[in-house]
Structure formats: C-alpha cells, structure tokens
Amino acid sequence: MDETVEVDALVDGLIEREGGYVANPADKGGPTCFGITEAVARANGYRGSMRQLPRDEAAAIYKRLYWLRPRFDEVARRSARVAAELFDTGTNMGPAVAVTFLQRALTALNRNGGDYPDLVPDGRIGPQTLGALDCFLKLRGTSQGETVLLRALEALQGERYLRLAERRPGNYILDVETSWRHKASTEGKPMQITDPIFFDADKARAHLEALLWPDGPTCPHCGECENVHRLQGKSHRAGLVQCNSCLKNFTVTVGTVFERSKIPLNKWLLATFLLTAGKKGTSSHQLHRMLGVTYKTAWFMAHRIREAMKDDGSPLGGPGKVVESDEAFIGGKKKKRLSGKVAPMKKVMTLVERDGRARSFFVASLHHNNMRGALVTNVHRTSTLMTDDARVYWSIGREFAGHGTTLHAAREFARPGGVHSNNAENFFSILKRGVVGTYHHWSPAHMHRYLAEFDFRYSHKAVNDGERTDIALQGIAGKRLTYRRTAALAA
C-alpha cells in the first residue's frame with residue numbers, strides 16, 4: 001500500500017468536510033480554518049491570520065498531529081482500513097482516545113487472554129499494541145479481522161457519544177449537522193458572577209485548562225501534547241505538568257499574559273469577566289476595590305487582559321462585505337464640561353465591518369497618509385467602503401470595490417441602498433461614554449490597549465458575557481506583558 005497517498009487522501013477528505021474559515025464563539029480553541037482551531041495553529045508555529053491559513057499548512061498540521069505523532073502510519077502498514085478509522089476518530093475525539101479504543105477492542109477480542117497479552121489502555125501505540133494487532137490479524141485473517149475490529153471501534157465510539165449525551169441532557173452531539181450550533185446553549189447555565197471559578201483557584205485553573213488545552217496538556221516549550229504527565233506530589237504546586245520530551249515543567253499559564261503572576265487565577269478570571277461584561281468598561285479603581293488588590297496591581301491586570309483582547313489583525317471585510325470608517329475626537333475643551341479637569345483632545349479612527357468586527361487606532365493627525373495607511377492595511381480591497389464626505393476619503397475610496405458617502409454637513413446621515421456610516425457612529429457613542437464616565441483620561445502610550453478593549457466587546461456583542469469572557473481567555477496564549485518592558489523601548 002502506498003501509505004503517503006492514503007494519508008493525503010484522508011486529510012484532503014477531512015479538509016473538504018470541515019470547510020473554510022469559521023468564527024463560531026462556541027469553539028473553545030478560537031476561530032477555525034479547515035477545521036484547525038487558532039489555538040492548535042499557534043501551537044504548531046503558524047502566526048498568520050486564520051482567515052488566510054494555507055491549505056497545505058492545515059494538511060501538514062493534520063498529518064503531524066493525527067497521523068505521524070500517534071503512529072497511525074505504523075498501523076497503516078498492517079491495516080489501511082483500521083488506520084483510516086483511527087485517524088477519523090482521532091480528529092474528532094483526540095488521537096489518545098482513538099488509540100485507547102484500539103487497545104480496548106484488541107483486549108476484548110483476545111480469546112481468554114490466550115492469543116496475546118492483554119493491553120493496558122494508555123493511549124499510546126507501542127510494541128505491545130502493534131504486536132497484538134499483528135497477532136489478531138494473523139489469527140483472524142486480514143479481511144475478517146479488520147471487519148470485526150472496525151465494528152468494535154465503532155461500538156466504542158457510539159458508547160462514548162451516548163455517555164456524553166447522557167451527561168449533558170438535550171445535547172445534539174449525535175446530530176453532526178447541528179451539534180456545533182447548539183453547543184453554546186446546551187453546555188450548562190451561562191457564566192455568572194457567582195460562578196465558583198471566580199472564588200476557587202483550583203476550579204479557575206480547571207476552567208482555563210479546558211479552554212486552552214481541549215485535548216489535554218500541551219507543552220509551550222516544544223509543542224509536545226502526548227508525552228506529558230502531571231506532577232501531583234506534595235511538594236508540587238497545583239497544575240504543574242512535566243514534558244517528557246524536553247524535560248521542562250509548565251502550567252496552563254506559561255506563555256500567556258498570566259505567566260509568573262502571584263495573583264490567584266480566580267481573581268484573574270473575575271477581572272476578565274468584569275472587563276468583558278461592562279459595556280463601557282471597568283476602571284482600575286473599581287477592580288482594585290472588588291478584587292482586594294492594590295490599585296497598581298489592578299491597573300496592570302487590566303492592561304494584561306486588554307492585551308489578550310487584541311484580535312489577530314486579519315483584514316476586515318471581503319467580497320460583498322461593507323466596512324465603515326469614521327473619526328472622532330476623545331477629550332475636549334473645558335467649556336464642554338460643567339466642572340473638573342478635561343483631558344487633552346486625542347484623535348481616534350475606527351473601522352467597523354457590518355455584522356462583524358471593529359478595529360480602532362490612535363492617530364497623531366487625521367492626515368491623508370495616516371488614514372490611507374490604516375485603511376489599506378486593515379480592510380480587504382474587495383470590500384465596499386462607507387464614510388462621510390470628508391475630502392480625505394475621495395481618493396482612498398477609489399482603491400476599494402465601492403465607496404459610498406453621506407453629507408453630514410447637510411444633516412444627511414443615510415442614503416437609499418444602505419449608504420451610511422451609522423455603525424461607526426454608534427461605536428463612538430459607546431466609546432465616548434466610556435471615556436467620560438469610566439476612565440476619564442487615556443494616556444497616548446496606552447490608548448491602543450483601551451481601544452482594543454472596546455473593539456473586543458463590540459466585535460463579540462452577539463454572545464453572552466460568559467462566552468465573551470471565554471473568548472478573551474483564549475486570547476491570552478502567546479502574549480506576554482511585563483510591568484517594565486525588557487526591550488529597550490517600551491510601548
């Protein structure tokens with residue numbers, strides 16, 4: 001058998017079934033492309049936009065994680081049909097689960113334990129598992145043995161699906177077409193501020209591990225996900241895992257914005273919930289009072305969480321989509337306030353994709369070059385651009401598939417055919433209320449993070465507070481922010 005052609009065919013078929021880019025909030029691993037979640041792509045070295053994940057890159061990840069690493073290629077040398085079934089099970093349930101099914105099936109079909117030694121279901125393919133498979137196929141005959149073994153594997157899959165369905169009443173897990181659509185609404189009650197994960201550090205850690213390690217612990221140092229084990233001795237801290245490949249220890253916070261923090265994880269999760277739930281933000285003073293930490297600590301926690309809220313930077317819009325652009329001034333003159341100090345005026349530019357994401361920028365001046373640079377690097381050229389009648393947009397609009405304008409100076413805010421920039425205006429109304437009522441003043445050095453916070457909440461306004469919190473927590477991986485930057489120039 002030409003096993004290279006076989007696995008390529010399996011991967012191609014899987015990619016065809018999975019389809020392209022999907023940003024479903026219920027996916028714990030973040031946006032997916034060709035079935036590869038953002039968490040898996042990042043763990044395997046891909047740093048680009050998930051919308052633009054190359055098909056060849058996705059195929060390489062599938063082959064590495066679900067074929068070569070679990071050693072299904074060794075199984076394929078003995079039985080192509082069994083290897084294909086294990087690959088399919090591994091992509092749905094995890095390779096370790098698929099191997100465990102094989103080991104359980106071989107042990108169950110071992111006649112009185114006399115054909116070969118019974119296997120311990122450890123989820124790893126080694127000499128004993130391969131030897132048992134060789135012996136089984138030799139004694140039963142390749143064709144008949146494969147048929148019996150495949151039926152046993154399918155029965156074990158069905159058993160697992162039913163067990164999951166019984167554990168979560170109303171789950172549509174057996175309905176392939178609708179399972180992901182109902183996932184968010186069937187996995188228990190929505191997250192609330194009384195949730196135990198906000199008061200118990202161990203439960204907070206378990207929740208974070210479920211989000212970042214859906215298929216089990218993954219070493220942030222070398223990417224190993226199979227050959228790892230938990231250290232549970234009395235002298236070991238909670239959640240410590242050792243990688244047997246690189247011999248380094250790690251926890252779920254290593255390589256994230258939570259790394260090396262002495263603050264309990266439950267307080268981190270509560271701070272994230274408060275920042276993602278408050279429509280106009282939550283001040284550092286409010287966090288310091290509610291969490292029982294110093295103001296300095298609360299301020300830094302908030303900025304770390306805002307760092308996690310940054311999106312992947314992929315272009316907004318696309319063919320047939322509309323992106324609105326507008327500018328606003330944050331701060332103002334003293335005469336516009338009854339009393340108190342007024343922060344200096346700052347210029348903000350915002351791009352809003354209709355029924356999609358928002359992305360904002362602090363700009364030194366509303367100059368043509370600054371605004372064009374922000375637009376052409378953040379909006380797909382096949383999009384339709386909607387703006388007001390500012391002259392700066394006249395030449396920029398010709399670089400996109402279409403350009404609609406409204407004459408705000410003449411009190412014209414919409415035209416027939418959906419020509420308006422009211423979504424961007426609505427975004428600014430929330431942003432300005434947040435500045436005036438919650439934050440009062442933004443330093444130019446940190447404005448990009450404050451803007452990322454408002455962008456994040458707007459981009460995920462269609463989900464509930466708990467789901468929005470989980471999406472933010474998924475963004476902590478691969479990002480670090482220290483109080484004093486180690487680089488020569490601090491951002």
# chains A, B, ... in the order shown; residues from 1 in each chain; ligands from 1

$ residues_around --residues "stretch 469-476 of chain A" --least-positions-apart "2" --cutoff "8 Å" --atoms "only C-alpha atoms" --output "number ranges by chain"
A: 25, 28-30, 39, 208, 211-212, 256-258, 272-273, 276-277, 305, 307-310, 465-467, 478-479

$ write_last_selection --atoms "N, CA and C atoms" --output "compact mmCIF listing (two decimals), in the first residue's frame"
# COMPACT_ATOMS: atom_id res chain seq x y z
N PRO A 25 -18.38 31.49 18.18
CA PRO A 25 -17.98 31.79 19.56
C PRO A 25 -17.95 30.57 20.46
N LYS A 28 -14.00 26.49 21.58
CA LYS A 28 -13.11 26.87 22.67
C LYS A 28 -11.71 27.20 22.17
N GLY A 29 -11.32 26.68 21.02
CA GLY A 29 -9.98 26.94 20.51
C GLY A 29 -9.88 28.18 19.66
N GLY A 30 -10.95 28.97 19.59
CA GLY A 30 -10.93 30.19 18.78
C GLY A 30 -11.40 29.92 17.36
N ALA A 39 -5.93 27.99 18.36
CA ALA A 39 -5.04 27.51 19.41
C ALA A 39 -4.09 26.44 18.88
N LEU A 208 -9.63 27.14 32.91
CA LEU A 208 -8.65 27.66 31.96
C LEU A 208 -8.00 26.53 31.17
N LEU A 211 -10.23 25.40 28.40
CA LEU A 211 -10.25 26.33 27.27
C LEU A 211 -8.99 26.23 26.43
N LEU A 212 -7.82 26.22 27.08
CA LEU A 212 -6.55 26.27 26.35
C LEU A 212 -6.03 24.90 25.97
N THR A 256 1.51 32.80 28.56
CA THR A 256 0.31 33.62 28.47
C THR A 256 0.54 34.93 29.23
N VAL A 257 -0.44 35.81 29.17
CA VAL A 257 -0.32 37.08 29.91
C VAL A 257 -0.43 36.86 31.42
N PHE A 258 -0.84 35.66 31.84
CA PHE A 258 -0.92 35.36 33.26
C PHE A 258 0.38 34.79 33.82
N THR A 272 -11.26 39.42 34.26
CA THR A 272 -11.58 39.28 32.83
C THR A 272 -13.09 39.36 32.61
N PHE A 273 -13.85 38.70 33.49
CA PHE A 273 -15.31 38.75 33.36
C PHE A 273 -15.83 40.17 33.50
N THR A 276 -14.94 42.29 30.35
CA THR A 276 -15.66 41.93 29.13
C THR A 276 -17.16 42.14 29.25
N ALA A 277 -17.68 42.18 30.49
CA ALA A 277 -19.13 42.33 30.68
C ALA A 277 -19.57 43.78 30.72
N ILE A 305 -5.09 42.00 30.45
CA ILE A 305 -6.31 41.44 29.87
C ILE A 305 -6.63 42.14 28.55
N GLU A 307 -4.48 43.31 26.54
CA GLU A 307 -3.53 42.73 25.58
C GLU A 307 -4.08 41.43 25.01
N ALA A 308 -4.75 40.64 25.85
CA ALA A 308 -5.34 39.38 25.38
C ALA A 308 -6.53 39.62 24.45
N MET A 309 -7.16 40.78 24.56
CA MET A 309 -8.33 41.09 23.75
C MET A 309 -7.99 41.47 22.31
N LYS A 310 -6.72 41.72 22.01
CA LYS A 310 -6.35 42.11 20.65
C LYS A 310 -6.72 41.01 19.67
N ASP A 465 -22.19 37.27 28.24
CA ASP A 465 -20.99 37.69 28.98
C ASP A 465 -20.04 36.53 29.23
N GLY A 466 -20.58 35.37 29.55
CA GLY A 466 -19.72 34.22 29.82
C GLY A 466 -18.95 33.78 28.59
N GLU A 467 -19.62 33.71 27.45
CA GLU A 467 -18.95 33.32 26.20
C GLU A 467 -17.91 34.36 25.80
N GLY A 478 0.33 32.95 24.04
CA GLY A 478 1.31 33.52 23.12
C GLY A 478 1.57 34.99 23.30
N LYS A 479 1.11 35.57 24.41
CA LYS A 479 1.29 37.00 24.65
C LYS A 479 1.89 37.20 26.04

$ residues_around --residues "stretch 45-54 of chain A" --least-positions-apart "2" --cutoff "9 Å" --atoms "only C-alpha atoms" --output "PDB file with C-alpha atoms, in the first residue's frame"
ATOM      1  CA  GLY A  20     -13.038  27.197   5.307  1.00  0.00           C
ATOM      2  CA  TYR A  21     -12.939  29.934   7.920  1.00  0.00           C
ATOM      3  CA  VAL A  22     -15.491  29.826  10.754  1.00  0.00           C
ATOM      4  CA  PRO A  31     -11.696  30.741  15.065  1.00  0.00           C
ATOM      5  CA  THR A  32     -11.131  27.736  12.804  1.00  0.00           C
ATOM      6  CA  CYS A  33      -9.997  27.304   9.219  1.00  0.00           C
ATOM      7  CA  PHE A  34     -10.156  23.894   7.506  1.00  0.00           C
ATOM      8  CA  ILE A  36      -7.844  23.759  12.539  1.00  0.00           C
ATOM      9  CA  THR A  37      -8.500  25.950  15.581  1.00  0.00           C
ATOM     10  CA  GLU A  38      -6.441  29.048  16.217  1.00  0.00           C
ATOM     11  CA  VAL A  40      -3.779  24.451  17.515  1.00  0.00           C
ATOM     12  CA  ALA A  41      -2.383  26.557  14.659  1.00  0.00           C
ATOM     13  CA  ARG A  42      -0.460  28.799  17.063  1.00  0.00           C
ATOM     14  CA  ALA A  43       0.862  25.801  18.986  1.00  0.00           C
ATOM     15  CA  ASP A  56      -1.043  22.991   2.731  1.00  0.00           C
ATOM     16  CA  GLU A  57      -0.259  24.274   6.246  1.00  0.00           C
ATOM     17  CA  ALA A  58      -3.531  22.820   7.563  1.00  0.00           C
ATOM     18  CA  ALA A  59      -2.793  19.493   5.860  1.00  0.00           C
ATOM     19  CA  ASP A 312      -5.391  38.570  15.016  1.00  0.00           C
ATOM     20  CA  GLY A 313      -5.016  41.592  12.724  1.00  0.00           C
ATOM     21  CA  SER A 314      -6.587  39.867   9.718  1.00  0.00           C
ATOM     22  CA  PRO A 315      -8.216  42.202   7.163  1.00  0.00           C
TER      23      PRO A 315
END

$ residues_around --residues "stretch 237-242 of chain A" --least-positions-apart "5" --cutoff "12 Å" --atoms "only C-alpha atoms" --output "PyMOL selection string"
chain A and resi 201-209+216-222+224-232+247-254+264-265

$ residues_around --residues "stretch 297-299 of chain A" --least-positions-apart "6" --cutoff "7 Å" --atoms "only C-alpha atoms" --output "PyMOL selection string"
chain A and resi 284+287-288

$ write_last_selection --atoms "C-alpha atoms" --output "mmCIF file, in the first residue's frame"
data_model
loop_
_atom_site.group_PDB
_atom_site.id
_atom_site.type_symbol
_atom_site.label_atom_id
_atom_site.label_comp_id
_atom_site.auth_asym_id
_atom_site.auth_seq_id
_atom_site.Cartn_x
_atom_site.Cartn_y
_atom_site.Cartn_z
ATOM 1 C CA SER A 284 -8.792 50.047 37.662
ATOM 2 C CA LEU A 287 -11.171 46.403 40.043
ATOM 3 C CA HIS A 288 -8.872 47.142 42.972
#

$ closest_residue --among "A:Ile330, A:Met345, A:Ala452, A:Ala84" --to "A:Gly13" --atoms "only C-alpha atoms"
A:Ala84

$ atom_distance --atom1 "atom CA of A:Asp311" --atom2 "atom CA of A:His440"
24.9 Å
